[in-house]
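Colleague: Provided herewith is a single structure, encoded as structure tokens, for subsequent inquiry.
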Amino acid sequence: MANRDSERGGGKQNNINNNNNNNNYLYDESSSDTHWTSWLVPLIVVANLAVFIAVMFVNDCPKKINGPNKACVARFLGRFSFQPLRENPLFGPSSSTLEKMGALEWRKVVHEHQGWRLVTCMWLHAGIIHLLTNMLSLIFIGIRLEQQFGFIRVGLIYLISGLGGSILSSLFLQESISVGASGALFGLLGAMLSELLTNWTIYANKAAALFTLLFIIAINLGLGLLPRVDNFAHIGGFITGFCLGFILLVRPQHGWESSRTNASLTRRKYSIYQYVLFIVAVLLLVVCLTVGSVMLFKGENGNKHCKWCHRLSCFPTSKWTC
């Protein structure tokens with residue numbers, strides 16, 4: 001899955017492992033829930049492609065870049081050609097075009113009351129590489145979830161997780177613009193983890209499924225520590241999706257269907273721990289989104305309340321600086 005990558009003045013993106021095509025292995029294939037036809041995820045992919053084409057149309061590199069040393073990339077594409085690679089190595093538009101089209105920018109959200117950027121930014125991408133990695137990841141993860149749980153629940157997780165990622169990103173990264181679907185994609189990963197935990201009884205290979213998923217999540221969050229990658233969007237999306245999984249992806253306990261047709265078997269549809277996780281997740285999600293939104297629109301800087309949190313998005317080493 002590709003991260004919700006930050007475009008900081010033409011910065012590079014963070015690729016989430018495409019090994020997520022192994023996520024079929026995480027599910028119990030005997031589940032009767034895998035009957036939905038996936039159409040929302042393909043529609044989201046098409047929408048992102050259409051938005052990228054529209055952004056490149058508006059960008060119109062040949063009209064704005066002149067001179068032999070500032071040549072647009074792939075000029076045969078006309079107004080759809082890309083910015084010079086030293087400005088944007090991801091084969092995409094300029095930062096000013098992304099900002100114009102709805103990129104996440106703290107000052108515009110807080111001081112110009114453009115809260116809609118918290119949502120529009122997740123439909124924009126810094127370049128064709130950024131777009132393709134994110135969309136391939138969405139296909140690998142999202143289609144499987146939609147087949148199991150339907151378009152309404154997966155759509156809610158995708159959108160709300162993207163919003164959660166945008167809020168956390170705005171609180172901690174206030175000097176750059178940010179675009180990409182990675183917050184929403186991390187939300188789907190978080191929902192996969194909570195779905196595994198809350199529906200624990202239906203899985204045959206519990207330990208293997210949990211280890212595989214935790215490994216994928218750890219690798220991708222670890223990659224978010226690289227410079228110029230918006231790991232706060234990843235973390236915000238993941239936490240939001242993790243809570244939503246307990247709320248929206250609950251399934252009946254193993255053996256409940258049999259107990260409905262056999263009077264000698266008595267089994268509750270949902271266990272006590274599923275109810276507890278549901279209530280805790282609802283409370284946590286409401287509190288986090290409310291507090292985060294209030295802090296954001298009051299103009300708070302998250303770094304003032306957490307002196308070490310900036311290292312969660314970029315950890316300095318001898319190889320790079322943040």
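Letters A, B, ... go to the chains of the structure tokens in the order shown; residues in each chain start at 1; ligands are counted from 1 in the same order.
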Within 6 Å of Gly92 of chain A, counting only C-alpha atoms, which residues show up once you throw out same-chain ones fewer than 6 positions away? Write them as a PyMOL selection string, please.
Modeller: chain A and resi 82+126-128
Colleague: So that I have them on file, write out the residues from the current selection with C-alpha atoms, as a short mmCIF file (atom, residue, chain, number, x, y, z; two decimals), in the first residue's frame.
Modeller:
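This is the output file result-v9.cif:
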```
data_model
loop_
_atom_site.label_atom_id
_atom_site.label_comp_id
_atom_site.auth_asym_id
_atom_site.auth_seq_id
_atom_site.Cartn_x
_atom_site.Cartn_y
_atom_site.Cartn_z
CA PHE A 82 5.38 17.27 -16.09
CA ALA A 126 2.17 14.85 -6.17
CA GLY A 127 2.95 12.91 -9.35
CA ILE A 128 2.25 9.90 -11.50
#
```
Colleague: Find the residues near segment 150-165 of chain A: any atom within 9 Å, counting only C-alpha atoms, skip ones fewer than 4 places away on the same chain, and give them as a ChimeraX atom specification.
Modeller: /A:4,35-41,118-119,121-122,142,145-146,169-170,181-188,191,232-242,244-245,248-249,288-289,292
Colleague: Find the residue from A:Asn205, A:Ser166, A:Gln174, A:Gln274 that sits nearest to His310 of chain A; use only C-alpha atoms when measuring.
Modeller: A:Gln174
Colleague: Just checking: using only C-alpha atoms, which residue out of A:Ile217, A:Val287, A:Leu171, A:Leu189 ends up closest to Val109 of chain A?
Modeller: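 Comparing A:Ile217, A:Val287, A:Leu171, A:Leu189 against Val109 of chain A, the winner is A:Leu171.
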Colleague: Expressed in Å to a single decimal, how great is the separation between atom CA of Gln253 of chain A and atom CA of Ala204 of chain A?
Modeller: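 Taking atom CA of Gln253 of chain A as the start and atom CA of Ala204 of chain A as the end point, the length is 13.0 Å.
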Colleague: Restricting the calculation to only C-alpha atoms, which member of A:Arg268, A:Phe278, A:Leu285, A:Ile65 is positioned closest to Val250 of chain A?
Modeller: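 Nearest candidate to Val250 of chain A out of A:Arg268, A:Phe278, A:Leu285, A:Ile65: A:Phe278.
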Colleague: As an exercise, work out the distance from atom CA of Phe57 of chain A to atom CA of Leu43 of chain A in Å and give it to one decimal place.
Modeller: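 Value for the atom CA of Phe57 of chain A-atom CA of Leu43 of chain A distance: 21.0 Å.
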Colleague: Report the distance between atom CA of Pro316 of chain A and atom CA of Asn231 of chain A in Å, rounded to one decimal place.
Modeller: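 About the pair atom CA of Pro316 of chain A and atom CA of Asn231 of chain A: they are 13.9 Å apart.
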Colleague: Once DSSP has gone over the backbone, tell me which residues of segment 13-178 of chain A are in alpha helix (DSSP H), as number ranges by chain.
Modeller: A: 40-59, 61-64, 95-101, 106-110, 117-120, 128-149, 151-172
Colleague: Hey, what does DSSP flag as strand (DSSP E or B) within segment 22-267 of chain A? Can you give it to me as a ChimeraX atom specification?
Modeller: /A:73,82,104,178
Colleague: Could you write out the selected residues, including N, CA and C atoms, as a short mmCIF file (atom, residue, chain, number, x, y, z; two decimals), in the first residue's frame?
Modeller:
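That gives us result.cif:
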```
data_model
loop_
_atom_site.label_atom_id
_atom_site.label_comp_id
_atom_site.auth_asym_id
_atom_site.auth_seq_id
_atom_site.Cartn_x
_atom_site.Cartn_y
_atom_site.Cartn_z
N VAL A 73 9.15 17.92 -18.55
CA VAL A 73 9.39 16.51 -18.83
C VAL A 73 8.25 15.98 -19.68
N PHE A 82 5.06 17.16 -17.51
CA PHE A 82 5.38 17.27 -16.09
C PHE A 82 6.37 18.40 -15.81
N LEU A 104 -3.55 20.34 1.20
CA LEU A 104 -3.67 20.69 2.62
C LEU A 104 -2.60 21.71 2.98
N SER A 178 0.46 19.29 1.83
CA SER A 178 0.41 17.83 1.85
C SER A 178 -0.72 17.34 0.97
#
```
Colleague: Between A:Ile143, A:Leu168, A:Ala71, A:Ala103, which has the minimum distance to Met295 of chain A (counting only C-alpha atoms)?
Modeller: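 Counting only C-alpha atoms, the residue closest to Met295 of chain A is A:Leu168.
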Colleague: Tell me, as an NGL selection string, which residues lie within 6 Å of segment 297-304 of chain A, counting only C-alpha atoms; anything in the same chain fewer than 2 positions away does not count.
Modeller: :A and (110 or 171-172 or 294-295 or 306-307)
Colleague: For the residues selected in the previous step, produce a file with C-alpha atoms as a short mmCIF file (atom, residue, chain, number, x, y, z; two decimals), in the first residue's frame.
Modeller:
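Result saved to out.cif:
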```cif
data_model
loop_
_atom_site.label_atom_id
_atom_site.label_comp_id
_atom_site.auth_asym_id
_atom_site.auth_seq_id
_atom_site.Cartn_x
_atom_site.Cartn_y
_atom_site.Cartn_z
CA VAL A 110 -7.06 28.00 9.90
CA LEU A 171 -1.51 20.02 13.80
CA PHE A 172 2.14 19.03 13.46
CA VAL A 294 -10.92 22.16 18.03
CA MET A 295 -7.13 22.46 18.42
CA CYS A 306 4.58 17.32 22.40
CA LYS A 307 8.26 18.24 22.14
#
```
